[in-house]
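entry-v2.cif follows; it contains mmCIF, C-alpha atoms.
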```cif
data_structure
#
loop_
_atom_site.label_atom_id
_atom_site.label_comp_id
_atom_site.auth_asym_id
_atom_site.auth_seq_id
_atom_site.Cartn_x
_atom_site.Cartn_y
_atom_site.Cartn_z
CA MET A 441 15.28 8.27 -13.34
CA THR A 442 18.58 8.49 -15.17
CA THR A 443 18.26 12.26 -15.40
CA ARG A 444 17.79 12.64 -11.64
CA ARG A 445 20.84 10.47 -10.88
CA THR A 446 22.88 12.41 -13.44
CA LEU A 447 21.94 15.71 -11.82
CA ARG A 448 22.96 14.45 -8.39
CA SER A 449 26.26 13.15 -9.77
CA ALA A 450 26.93 16.48 -11.48
CA ALA A 451 26.23 18.36 -8.25
CA ALA A 452 28.65 16.12 -6.37
CA ILE A 453 31.32 16.66 -9.01
CA VAL A 454 30.89 20.43 -8.71
CA VAL A 455 31.31 20.27 -4.92
CA VAL A 456 34.48 18.18 -5.25
CA ALA A 457 35.84 20.47 -7.97
CA VAL A 458 35.31 23.56 -5.82
CA SER A 459 37.02 21.82 -2.91
CA VAL A 460 40.00 20.97 -5.10
CA LEU A 461 40.27 24.54 -6.39
CA LEU A 462 40.16 26.00 -2.91
CA THR A 463 42.42 23.54 -1.11
CA GLY A 464 44.38 21.85 -3.86
CA ALA A 465 43.05 18.44 -2.80
CA THR A 466 39.83 16.67 -1.99
CA ALA A 467 39.17 17.69 1.60
CA THR A 468 37.18 15.74 4.14
CA PRO A 469 34.48 17.67 6.00
CA GLN A 470 35.65 19.62 8.99
CA PRO A 471 34.46 18.33 12.39
CA VAL A 472 30.98 19.46 13.31
CA PRO A 473 31.15 21.97 16.17
CA ASP A 474 29.87 20.34 19.35
CA ASP A 475 29.69 22.07 22.69
CA PRO A 476 29.94 19.32 25.32
CA ALA A 477 28.39 21.64 27.86
CA ASP A 478 25.27 22.21 25.77
CA PRO A 479 22.45 20.05 27.20
CA VAL A 480 20.47 20.06 23.95
CA ARG A 481 23.29 18.70 21.80
CA ALA A 482 24.30 16.25 24.53
CA SER A 483 20.76 14.82 24.65
CA GLU A 484 20.97 13.65 21.02
CA TYR A 485 22.24 10.21 21.95
CA TRP A 486 21.47 8.83 18.48
CA LEU A 487 24.25 10.88 16.91
CA ASP A 488 26.75 8.47 18.42
CA GLY A 489 24.49 5.44 18.91
CA ALA A 490 23.53 5.30 15.22
CA GLY A 491 27.01 6.15 13.90
CA ILE A 492 25.93 9.54 12.58
CA ARG A 493 28.92 11.53 13.82
CA GLU A 494 31.21 8.99 12.14
CA ALA A 495 29.25 9.33 8.89
CA TRP A 496 29.76 13.12 9.06
CA GLN A 497 33.44 12.50 8.42
CA THR A 498 32.38 11.56 4.88
CA THR A 499 29.29 13.68 4.20
CA ARG A 500 26.57 15.73 5.84
CA GLY A 501 23.97 15.45 3.09
CA GLU A 502 24.91 18.38 0.88
CA GLY A 503 23.06 18.46 -2.43
CA VAL A 504 20.28 16.08 -1.33
CA THR A 505 16.66 17.17 -0.83
CA ILE A 506 14.29 15.65 1.74
CA ALA A 507 10.56 16.32 1.37
CA ILE A 508 8.65 16.43 4.66
CA ILE A 509 4.97 15.71 4.01
CA ASP A 510 3.56 16.72 7.38
CA THR A 511 1.88 19.62 9.18
CA GLY A 512 4.31 22.23 7.88
CA ILE A 513 7.84 23.34 8.84
CA GLY A 514 7.86 26.47 10.96
CA LYS A 515 9.92 29.53 10.14
CA VAL A 516 12.64 29.23 12.74
CA PRO A 517 15.74 31.32 11.99
CA GLY A 518 19.00 29.39 12.07
CA VAL A 519 17.27 25.98 12.19
CA PHE A 520 15.07 25.84 9.10
CA ASP A 521 15.33 29.06 7.12
CA GLU A 522 18.49 28.04 5.28
CA ALA A 523 17.35 24.43 4.99
CA VAL A 524 13.88 24.85 3.48
CA VAL A 525 14.23 25.52 -0.24
CA GLY A 526 10.58 25.18 -1.25
CA GLY A 527 7.15 24.10 -0.19
CA THR A 528 3.44 23.96 -0.86
CA ASP A 529 0.15 23.32 0.87
CA VAL A 530 -2.08 20.45 -0.29
CA SER A 531 -4.67 20.72 2.48
CA GLY A 532 -6.47 23.85 1.33
CA ALA A 533 -6.03 25.29 4.82
CA GLY A 534 -2.39 26.36 4.85
CA THR A 535 -0.28 28.96 3.07
CA PRO A 536 1.18 28.47 -0.43
CA ASP A 537 4.73 27.97 0.91
CA GLY A 538 3.71 25.09 3.20
CA ARG A 539 5.33 26.79 6.19
CA THR A 540 2.24 27.57 8.27
CA PRO A 541 1.72 24.89 10.96
CA LEU A 542 -1.63 23.12 10.59
CA GLY A 543 -3.73 21.72 13.41
CA ALA A 544 -4.25 22.83 16.99
CA VAL A 545 -2.81 19.55 18.28
CA ASP A 546 -0.35 18.49 15.57
CA GLY A 547 0.84 21.89 14.37
CA ASN A 548 4.41 21.38 15.62
CA HIS A 549 4.69 17.82 14.35
CA GLY A 550 6.14 18.75 10.95
CA SER A 551 8.78 20.98 12.56
CA TRP A 552 9.85 18.24 14.99
CA VAL A 553 10.22 15.81 12.09
CA ALA A 554 12.20 18.27 9.98
CA SER A 555 14.57 19.16 12.82
CA LEU A 556 15.52 15.49 13.26
CA ALA A 557 16.11 14.98 9.54
CA ALA A 558 18.06 18.10 8.63
CA GLY A 559 17.93 20.79 11.29
CA ARG A 560 20.85 23.22 11.22
CA GLY A 561 22.97 23.39 14.34
CA ALA A 562 24.33 26.66 15.62
CA ALA A 563 27.84 27.64 14.52
CA ASP A 564 29.07 27.47 18.11
CA GLY A 565 28.04 23.83 18.46
CA THR A 566 24.93 24.43 20.53
CA GLY A 567 21.28 23.73 19.85
CA MET A 568 19.66 20.82 18.05
CA ILE A 569 21.22 19.46 14.89
CA GLY A 570 19.70 17.07 12.38
CA VAL A 571 21.10 13.85 10.98
CA ALA A 572 21.86 15.47 7.60
CA PRO A 573 22.48 19.10 8.58
CA GLU A 574 23.52 20.17 5.07
CA ALA A 575 20.60 18.59 3.20
CA ASN A 576 17.77 20.68 1.79
CA LEU A 577 14.14 20.45 2.90
CA LEU A 578 10.79 20.74 1.13
CA SER A 579 7.81 21.60 3.33
CA ILE A 580 4.53 20.08 2.13
CA SER A 581 1.78 20.90 4.59
CA VAL A 582 -1.12 18.49 5.11
CA GLY A 583 -4.01 18.64 7.54
CA PHE A 584 -5.05 15.72 9.71
CA GLY A 585 -8.72 15.20 10.52
CA ALA A 586 -10.76 18.39 10.62
CA ALA A 587 -7.71 20.55 9.88
CA ALA A 588 -8.29 20.31 6.12
CA ALA A 589 -11.13 20.53 3.65
CA VAL A 590 -9.39 18.22 1.16
CA PRO A 591 -9.69 14.45 1.83
CA PHE A 592 -6.52 13.15 3.45
CA THR A 593 -5.90 10.48 0.83
CA GLU A 594 -6.02 13.13 -1.87
CA GLN A 595 -3.64 15.36 0.09
CA VAL A 596 -1.05 12.61 0.33
CA ALA A 597 -1.31 11.69 -3.35
CA ASN A 598 -0.94 15.33 -4.38
CA GLY A 599 1.89 15.89 -1.94
CA MET A 600 3.84 12.90 -3.24
CA ARG A 601 3.60 14.09 -6.83
CA TRP A 602 4.55 17.66 -5.92
CA ALA A 603 7.59 16.45 -3.99
CA VAL A 604 8.81 14.36 -6.93
CA ASP A 605 8.22 17.15 -9.43
CA ASN A 606 10.12 19.63 -7.26
CA GLY A 607 13.32 17.68 -6.82
CA ALA A 608 12.84 15.47 -3.77
CA ASP A 609 15.42 12.68 -3.45
CA ILE A 610 13.81 11.37 -0.27
CA ILE A 611 10.24 11.68 1.01
CA ASN A 612 9.45 11.30 4.71
CA LEU A 613 5.96 10.25 5.87
CA SER A 614 5.61 10.26 9.66
CA PHE A 615 1.97 9.21 9.94
CA THR A 616 -0.21 6.11 9.73
CA THR A 617 -3.81 5.39 8.76
CA ASN A 618 -4.13 2.43 11.16
CA THR A 619 -5.44 0.29 8.31
CA LEU A 620 -3.53 -2.26 6.26
CA ASP A 621 -5.10 -1.22 2.96
CA TRP A 622 -4.84 2.15 1.27
CA ASP A 623 -6.78 4.23 -1.22
CA GLU A 624 -6.19 3.27 -4.84
CA SER A 625 -5.11 6.84 -5.61
CA TRP A 626 -1.96 6.10 -3.63
CA ASP A 627 -0.99 3.34 -6.08
CA ASP A 628 -0.11 5.82 -8.80
CA ALA A 629 1.32 8.42 -6.40
CA PHE A 630 3.80 6.06 -4.75
CA LEU A 631 4.59 4.33 -8.02
CA TYR A 632 5.36 7.78 -9.46
CA ALA A 633 7.94 8.31 -6.70
CA PHE A 634 9.55 4.90 -7.23
CA GLU A 635 9.69 5.32 -10.99
CA ASN A 636 11.48 8.64 -10.46
CA ASP A 637 14.14 7.13 -8.18
CA VAL A 638 12.89 8.61 -4.90
CA VAL A 639 13.42 6.90 -1.53
CA VAL A 640 10.21 6.87 0.53
CA VAL A 641 10.68 6.52 4.31
CA VAL A 642 7.60 5.79 6.46
CA ALA A 643 6.93 5.53 10.20
CA ALA A 644 5.60 2.20 11.46
CA GLY A 645 3.23 3.73 14.03
CA ASN A 646 2.99 3.61 17.82
CA ARG A 647 1.15 1.34 20.22
CA GLY A 648 0.76 4.27 22.59
CA SER A 649 -1.50 6.00 20.09
CA GLY A 650 -3.58 2.89 19.42
CA THR A 651 -1.61 1.32 16.57
CA ASN A 652 -1.09 -2.35 17.43
CA ILE A 653 0.07 -3.31 13.97
CA ILE A 654 1.50 -1.26 11.12
CA GLY A 655 -0.90 0.46 8.76
CA ALA A 656 -0.67 2.21 5.42
CA PRO A 657 1.46 3.82 4.08
CA ALA A 658 3.90 1.54 5.95
CA THR A 659 2.30 -1.48 4.26
CA ILE A 660 2.90 -0.23 0.71
CA PRO A 661 5.51 -2.36 -1.11
CA GLY A 662 8.72 -0.46 -1.79
CA VAL A 663 8.69 1.99 1.13
CA LEU A 664 11.34 1.77 3.86
CA THR A 665 9.27 1.27 7.02
CA VAL A 666 10.94 2.32 10.28
CA GLY A 667 10.29 0.71 13.66
CA GLY A 668 11.31 2.29 16.97
CA VAL A 669 13.71 1.34 19.77
CA ASP A 670 14.60 2.89 23.11
CA GLN A 671 17.97 4.16 24.29
CA THR A 672 19.21 0.58 24.82
CA GLY A 673 18.28 -0.59 21.36
CA THR A 674 15.27 -2.56 22.58
CA ALA A 675 12.01 -2.42 20.66
CA SER A 676 9.81 0.26 22.19
CA VAL A 677 6.58 -0.91 23.77
CA GLU A 678 4.73 2.39 23.52
CA ALA A 679 6.64 4.32 20.85
CA SER A 680 6.60 1.68 18.11
CA THR A 681 4.56 -1.19 16.77
CA GLN A 682 5.25 -4.33 14.79
CA GLY A 683 4.67 -5.77 11.34
CA ILE A 684 6.29 -7.85 8.64
CA THR A 685 7.06 -4.80 6.47
CA ILE A 686 9.39 -3.10 8.98
CA GLY A 687 12.76 -2.74 7.29
CA ILE A 688 14.93 -0.91 9.81
CA SER A 689 14.79 0.37 13.39
CA ALA A 690 15.90 3.71 14.83
CA PRO A 691 15.53 5.58 18.13
CA SER A 692 11.94 6.50 18.97
CA GLU A 693 12.17 7.33 22.68
CA GLY A 694 13.82 10.23 24.47
CA LEU A 695 13.77 12.33 21.29
CA ILE A 696 13.85 16.10 21.00
CA GLY A 697 12.52 18.37 18.30
CA VAL A 698 12.34 22.05 17.42
CA SER A 699 8.79 23.43 17.45
CA ALA A 700 7.45 25.98 15.00
CA ASP A 701 8.17 28.75 17.51
CA GLY A 702 11.80 27.65 18.01
CA GLU A 703 11.28 25.90 21.34
CA VAL A 704 13.08 22.58 21.84
CA VAL A 705 10.73 19.94 23.28
CA SER A 706 10.90 16.27 24.20
CA TRP A 707 8.81 13.75 22.25
CA ARG A 708 8.76 10.14 21.15
CA GLY A 709 7.38 7.85 18.48
CA THR A 710 8.28 6.35 15.15
CA SER A 711 7.35 9.75 13.74
CA GLY A 712 10.83 10.67 14.97
CA ALA A 713 12.52 7.39 14.07
CA ALA A 714 11.52 7.83 10.41
CA PRO A 715 13.26 11.22 9.86
CA ILE A 716 16.41 9.87 11.51
CA VAL A 717 16.47 7.19 8.81
CA ALA A 718 15.50 9.74 6.15
CA GLY A 719 18.53 11.75 7.23
CA VAL A 720 20.73 8.66 6.94
CA ALA A 721 19.35 8.08 3.44
CA ALA A 722 20.37 11.67 2.61
CA LEU A 723 23.90 10.97 3.83
CA VAL A 724 24.05 7.86 1.65
CA ARG A 725 22.77 9.68 -1.43
CA ALA A 726 25.23 12.51 -0.89
CA ALA A 727 28.15 10.10 -0.54
CA HIS A 728 27.02 7.97 -3.52
CA PRO A 729 25.12 10.31 -5.86
CA ASP A 730 25.16 7.84 -8.73
CA ILE A 731 23.35 4.97 -7.00
CA THR A 732 19.64 4.23 -7.28
CA ALA A 733 16.96 4.58 -4.61
CA ASN A 734 16.86 0.78 -4.42
CA ASP A 735 20.59 0.75 -3.61
CA VAL A 736 20.13 3.40 -0.92
CA ILE A 737 17.55 1.23 0.81
CA ASN A 738 19.67 -1.87 0.35
CA ARG A 739 22.69 -0.15 1.91
CA ILE A 740 20.68 0.88 4.96
CA ILE A 741 19.21 -2.56 5.64
CA SER A 742 22.33 -4.51 4.64
CA THR A 743 24.55 -2.63 7.09
CA ALA A 744 22.05 -2.65 9.97
CA ILE A 745 23.33 -3.70 13.39
CA PRO A 746 21.93 -7.18 14.15
CA VAL A 747 19.68 -7.54 17.18
CA PRO A 748 20.31 -10.65 19.33
CA ASP A 749 17.45 -13.17 19.29
CA ALA A 750 15.63 -11.25 16.54
CA ALA A 751 14.19 -13.25 13.66
CA LYS A 752 16.43 -13.41 10.61
CA PRO A 753 16.60 -11.93 8.11
CA GLN A 754 13.66 -9.62 8.88
CA ASP A 755 12.08 -9.34 12.30
CA PRO A 756 8.54 -7.94 12.81
CA LEU A 757 9.87 -5.64 15.56
CA TYR A 758 13.33 -4.67 14.32
CA GLY A 759 13.28 -5.35 10.58
CA TYR A 760 16.85 -6.08 9.49
CA GLY A 761 18.30 -4.45 12.62
CA LEU A 762 19.34 -1.06 14.03
CA VAL A 763 20.35 1.68 11.62
CA ASP A 764 24.11 2.33 11.31
CA ALA A 765 24.76 5.53 9.37
CA GLU A 766 28.54 5.18 9.20
CA ALA A 767 28.36 1.66 7.77
CA ALA A 768 25.60 2.62 5.33
CA VAL A 769 27.75 5.44 3.98
CA THR A 770 31.14 3.70 3.83
CA ALA A 771 30.54 -0.05 3.40
CA ASP A 772 31.29 -1.79 0.13
CA ILE A 773 27.82 -2.96 -0.95
CA ALA A 774 27.05 -4.51 -4.32
CA PRO A 775 24.24 -2.86 -6.29
CA VAL A 776 20.83 -4.48 -6.55
CA SER A 777 18.39 -4.68 -9.41
CA GLU A 778 15.19 -4.66 -7.35
CA ASN A 779 13.79 -2.83 -4.36
CA PRO A 780 14.43 -5.13 -1.36
CA MET A 781 11.25 -3.83 0.30
CA GLY A 782 8.97 -5.02 -2.50
CA ASP A 783 7.66 -4.17 -5.95
CA LEU A 784 4.57 -1.96 -5.95
CA ALA A 785 4.08 -2.34 -9.70
CA GLU A 786 3.88 -6.11 -9.35
CA TRP A 787 1.53 -5.79 -6.37
CA ILE A 788 -0.77 -3.57 -8.42
CA ARG A 789 -0.70 -6.05 -11.29
CA VAL A 790 -1.63 -8.96 -9.03
CA PHE A 791 -4.07 -7.37 -6.57
CA ARG A 792 -5.57 -4.48 -8.49
CA LYS A 793 -5.62 -6.44 -11.75
CA ALA A 794 -4.31 -3.37 -13.51
CA GLU A 795 -2.48 -5.32 -16.19
CA THR A 796 -4.61 -8.36 -16.90
CA GLU A 797 -3.83 -10.15 -20.14
CA PRO A 798 -6.32 -9.18 -22.86
CA LEU A 799 -8.58 -11.95 -24.05
CA PRO A 800 -7.87 -13.16 -27.58
CA ALA A 801 -10.21 -11.85 -30.24
CA PRO A 802 -12.78 -14.51 -31.11
CA THR A 803 -12.49 -16.02 -34.58
CA VAL A 804 -15.69 -16.74 -36.49
CA THR A 805 -15.72 -19.63 -38.99
CA ALA A 806 -18.63 -20.07 -41.38
CA VAL A 807 -20.54 -23.31 -40.87
CA GLU A 808 -22.25 -24.92 -43.84
CA VAL A 809 -25.79 -26.00 -43.03
CA PRO A 810 -27.32 -28.73 -45.27
CA PRO A 811 -30.45 -27.61 -47.11
CA LEU A 812 -33.78 -28.42 -45.55
CA PRO A 813 -35.87 -31.20 -47.16
CA ALA A 814 -38.57 -30.15 -49.59
CA ALA A 815 -41.89 -29.26 -48.06
CA ASP A 816 -44.86 -31.63 -48.39
CA VAL A 817 -47.18 -31.02 -51.27
CA PRO A 818 -50.18 -29.14 -49.91
CA THR A 819 -53.53 -30.98 -50.09
CA GLU A 820 -56.71 -29.47 -51.30
CA ALA A 821 -58.71 -27.68 -48.67
CA SER A 822 -61.78 -29.58 -47.39
CA SER A 823 -64.60 -28.88 -44.99
CA PRO A 824 -63.57 -29.00 -41.31
CA LEU A 825 -66.80 -30.93 -40.59
CA LEU A 826 -65.79 -33.90 -42.75
CA PRO A 827 -63.19 -36.40 -41.53
CA SER A 828 -59.86 -36.49 -43.27
CA ALA A 829 -57.38 -39.32 -43.60
CA ASP A 830 -55.21 -37.92 -40.81
CA SER A 831 -58.15 -37.37 -38.45
CA LEU A 832 -59.33 -40.94 -39.04
CA ARG A 833 -55.78 -42.32 -38.60
CA TYR A 834 -54.79 -40.33 -35.53
CA GLY A 835 -58.12 -39.55 -33.93
CA THR A 836 -61.13 -41.72 -34.78
CA LEU A 837 -59.48 -45.14 -35.02
CA PRO A 838 -57.45 -44.84 -31.76
CA LEU A 839 -60.59 -43.63 -30.02
CA ILE A 840 -62.59 -46.61 -31.27
CA ALA A 841 -59.78 -48.95 -30.22
CA VAL A 842 -59.93 -47.67 -26.68
CA THR A 843 -63.70 -47.14 -26.37
CA VAL A 844 -65.09 -50.46 -27.74
CA PRO A 845 -63.18 -52.72 -25.29
CA GLY A 846 -64.25 -50.45 -22.48
CA ILE A 847 -67.89 -50.78 -23.45
CA LEU A 848 -67.64 -54.58 -23.71
CA VAL A 849 -66.03 -54.79 -20.28
CA ALA A 850 -68.75 -52.62 -18.80
CA LEU A 851 -71.47 -54.80 -20.34
CA GLY A 852 -69.83 -57.95 -18.98
CA VAL A 853 -69.65 -56.52 -15.49
CA THR A 854 -73.33 -55.52 -15.64
CA ALA A 855 -74.42 -58.99 -16.75
CA ALA A 856 -72.40 -60.63 -14.00
CA ALA A 857 -74.00 -58.43 -11.40
CA ARG A 858 -77.48 -59.37 -12.59
CA ARG A 859 -76.73 -63.11 -12.37
CA ILE A 860 -75.49 -62.71 -8.82
CA ARG A 861 -78.67 -60.94 -7.77
CA SER A 862 -80.83 -63.56 -9.46
CA ALA A 863 -79.04 -66.36 -7.63
CA ARG A 864 -79.67 -64.80 -4.22
CA ILE A 865 -83.52 -64.55 -4.53
CA PRO A 866 -84.36 -68.31 -4.17
CA VAL A 867 -82.21 -68.62 -1.08
CA ARG A 868 -84.18 -65.94 0.68
CA GLN A 869 -87.45 -67.62 -0.33
CA ILE A 870 -86.30 -70.95 1.16
CA HIS A 871 -85.47 -69.36 4.46
CA ASP A 872 -88.82 -67.63 4.57
CA SER A 873 -90.73 -70.87 4.00
CA GLU A 874 -88.84 -72.68 6.81
CA GLU A 875 -89.96 -70.11 9.28
#
```
This structure in structure tokens:
Amino acid sequence: MTTRRTLRSAAAIVVVAVSVLLTGATATPQPVPDDPADPVRASEYWLDGAGIREAWQTTRGEGVTIAIIDTGIGKVPGVFDEAVVGGTDVSGAGTPDGRTPLGAVDGNHGSWVASLAAGRGAADGTGMIGVAPEANLLSISVGFGAAAAVPFTEQVANGMRWAVDNGADIINLSFTTNTLDWDESWDDAFLYAFENDVVVVVAAGNRGSGTNIIGAPATIPGVLTVGGVDQTGTASVEASTQGITIGISAPSEGLIGVSADGEVVSWRGTSGAAPIVAGVAALVRAAHPDITANDVINRIISTAIPVPDAAKPQDPLYGYGLVDAEAAVTADIAPVSENPMGDLAEWIRVFRKAETEPLPAPTVTAVEVPPLPAADVPTEASSPLLPSADSLRYGTLPLIAVTVPGILVALGVTAAARRIRSARIPVRQIHDSEE
């Protein structure tokens, strides 16, 4: 973690040093060319609404790398070619550079996401421009559904590790599984990113596509989950969802994106809100290269624009509020020691029981047992047909004691019965004589 922060700090120092050598002073970035007559650039309302143009007066994301784990970033000259510095395919269906769009339906999705995060605008101020137009991109292609032979959970885990190992400062995940829980293989993959000081930005999901409540990976502790709002800053009904893990909100309606073939199209969803926030995170990291991923997240949520009537401090629709890039970059925010969006390591310890306390080793103490009494002296063997003292004591005598009284009682009952019969005979004789 320290090494990654040191490298970013060194890169920032080099940029400043070059600026000083060339101009004699630390220069602020020149204004970004904007053609007011260009309908594409004019349609990017979030550039002003989210304070992005103001943040550009400080930085545009130079030296920061955003990994896009999606369906691949197309090879569009002028938009992506200078931005994409590496890539891979983890689906088994793409090309090694991760630049071949995957999926008949979702093939353009990765390009749309990348264009919002760090698309390059044309030098004349026309065409689409991303939030961090000087940041680098990594293209990690995954396949959704039948578009890949590798299980999706395995693709994501492999993609996360590859992104970290290849210099990602921010990872963007614009997809949902529609389930609260996630595969255990993601525990280690996401923990690997957090332990290496990487900011992970995740889309909350959309009601319009059947997501009524956020699902993984937006439920993983430590990720910055992004909800969606419309052009008025109101939570989107179709192009967002809700959940207690939403940390920040960004535009998710009326978006545009550059397709893999270079065409600019309209789209919506938190799949677009997430890369807007990922771009803001790149601006923050570029302006403050020595701060941790936890501080980047804290800056974004701490400077969010409050939403009237929203629950405080964290609303299930808006999170901490609407993203404000200029405030996130320039505000004086104290550092934090923990990720404000949760601790995955602690969650694993509690719910996966990965670090249960070992049971103490049992101690065995010898117990002294008193010696057994001496055995009885054996008697001489005798014939089994002759009675012994024990057989007389425990067999014959008790039998006689029970049998003799029984015989006497039986004899008494028999005698009594005979007397009764004898007494009845004269009575019958008397009656017979009277007749």
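Considering all atoms listed in the file, the residue among A:Leu613, A:Ala726, A:Val480, A:Leu487 positioned nearest to Gly712 of chain A is A:Leu613.
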Selection under test: the PyMOL selection byres ((chain A and resi 485) around 12); residues as an NGL selection string
:A and (479-484 or 486-493 or 568-569 or 571 or 670-673 or 690-696 or 716)
Let's have the selection written as a short mmCIF file (atom, residue, chain, number, x, y, z; two decimals), keeping the file's coordinate frame, with C-alpha atoms.
```cif
data_model
loop_
_atom_site.label_atom_id
_atom_site.label_comp_id
_atom_site.auth_asym_id
_atom_site.auth_seq_id
_atom_site.Cartn_x
_atom_site.Cartn_y
_atom_site.Cartn_z
CA PRO A 479 22.45 20.05 27.20
CA VAL A 480 20.47 20.06 23.95
CA ARG A 481 23.29 18.70 21.80
CA ALA A 482 24.30 16.25 24.53
CA SER A 483 20.76 14.82 24.65
CA GLU A 484 20.97 13.65 21.02
CA TRP A 486 21.47 8.83 18.48
CA LEU A 487 24.25 10.88 16.91
CA ASP A 488 26.75 8.47 18.42
CA GLY A 489 24.49 5.44 18.91
CA ALA A 490 23.53 5.30 15.22
CA GLY A 491 27.01 6.15 13.90
CA ILE A 492 25.93 9.54 12.58
CA ARG A 493 28.92 11.53 13.82
CA MET A 568 19.66 20.82 18.05
CA ILE A 569 21.22 19.46 14.89
CA VAL A 571 21.10 13.85 10.98
CA ASP A 670 14.60 2.89 23.11
CA GLN A 671 17.97 4.16 24.29
CA THR A 672 19.21 0.58 24.82
CA GLY A 673 18.28 -0.59 21.36
CA ALA A 690 15.90 3.71 14.83
CA PRO A 691 15.53 5.58 18.13
CA SER A 692 11.94 6.50 18.97
CA GLU A 693 12.17 7.33 22.68
CA GLY A 694 13.82 10.23 24.47
CA LEU A 695 13.77 12.33 21.29
CA ILE A 696 13.85 16.10 21.00
CA ILE A 716 16.41 9.87 11.51
#
```
Env of Glu766 of chain A: 12 Å cut, atoms = all atoms listed in the file, seq-sep filter 5 positions within chain, self excluded. Answer as an MDAnalysis selection string.
chainID A and resid 487:500 571 720:721 723:724 727 739:740 743:745 771:772
Would you kindly return, as a ChimeraX atom specification, each protein, DNA or RNA residue with an atom no farther than 8 Å from any atom of Ser579 of chain A, considering only C-alpha atoms and excluding same-chain residues fewer than 4 positions away?
/A:507-510,512-513,524,526-528,537-539
For segment 505-621 of chain A against segment 645-649 of chain A, with a cut-off of 10 Å and counting all atoms listed in the file, what is the closest atom pair and its distance in Å to one decimal for every residue that makes the cut, ordered by chain and number, as JSON lines?
```
{"residue": "A:Ser614", "atom": "CA", "partner": "A:Gly645", "partner_atom": "CA", "distance": 8.2}
{"residue": "A:Phe615", "atom": "CA", "partner": "A:Gly645", "partner_atom": "CA", "distance": 7.0}
{"residue": "A:Thr616", "atom": "CA", "partner": "A:Gly645", "partner_atom": "CA", "distance": 6.0}
{"residue": "A:Thr617", "atom": "CA", "partner": "A:Gly645", "partner_atom": "CA", "distance": 8.9}
{"residue": "A:Asn618", "atom": "CA", "partner": "A:Gly645", "partner_atom": "CA", "distance": 8.0}
```
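Relative to atom CA of Ile684 of chain A, atom CA of Asp755 of chain A is found at 7.0 Å.
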Distance atom CA of Gly662 of chain A-atom CA of Val639 of chain A, one decimal place?
8.7 Å
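With all atoms listed in the file as the atoms that count, the residue of A:Ile506, A:Arg789, A:Ala533, A:Leu762 with the shortest distance to Pro573 of chain A is A:Ile506.
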Grab all the atoms of segment 757-771 of chain A that the file lists, wrap them in a box along x, y and z, add 4 Å per side, and give me centre plus edge lengths in Å (one decimal) as JSON.
```
{"center_x": 20.5, "center_y": -0.3, "center_z": 9.5, "size_x": 29.3, "size_y": 19.6, "size_z": 20.2}
```
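Put simply, atom CA of Ala714 of chain A is 12.0 Å away from atom CA of Ala679 of chain A.
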Result set of the PyMOL selection byres ((chain A and resi 660) around 9) on the coordinates above, as a ChimeraX atom specification
/A:620-622,627,630,655-659,661-663,685,782,784
Select, from A:Pro748, A:Gly585, A:Gly761, A:Gly559, the residue with the minimum atom-to-atom distance to Ser689 of chain A, counting all atoms listed in the file.
A:Gly761
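When the PyMOL selection byres ((chain A and resi 565) around 9) is run on the displayed coordinates, the residues it returns are Val472, Pro473, Asp474, Asp475, Pro476, Asp478, Arg481, Gly561, Ala562, Ala563, Asp564, Thr566, Gly567, Met568 and Ile569 of chain A.
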Expected residue set, 6 Å radius at (19.3, 14.7, 8.3), only C-alpha atoms, as a tab-separated table (two decimals) with C-alpha atoms, in the coordinates of the input:
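This went into out17.tsv:
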```tsv
chain	number	residue	atom	x	y	z
A	557	ALA	CA	16.11	14.98	9.54
A	558	ALA	CA	18.06	18.10	8.63
A	570	GLY	CA	19.70	17.07	12.38
A	571	VAL	CA	21.10	13.85	10.98
A	572	ALA	CA	21.86	15.47	7.60
A	573	PRO	CA	22.48	19.10	8.58
A	719	GLY	CA	18.53	11.75	7.23
```
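Among A:Ala841, A:Ile686, A:Val582, A:Val763, the residue with the shortest atom-to-atom distance to Ile654 of chain A, counting all atoms listed in the file, is A:Ile686.
Between Thr593 of chain A and the candidates A:Val747, A:Ala801, A:Ala774, A:Ala629, the tightest atom-to-atom separation, counting all atoms listed in the file, involves A:Ala629.
Restricting the calculation to only C-alpha atoms, the smallest distance between Pro756 of chain A and any of A:Asn576, A:Thr535, A:Gln682, A:Ser581 is found for A:Gln682.
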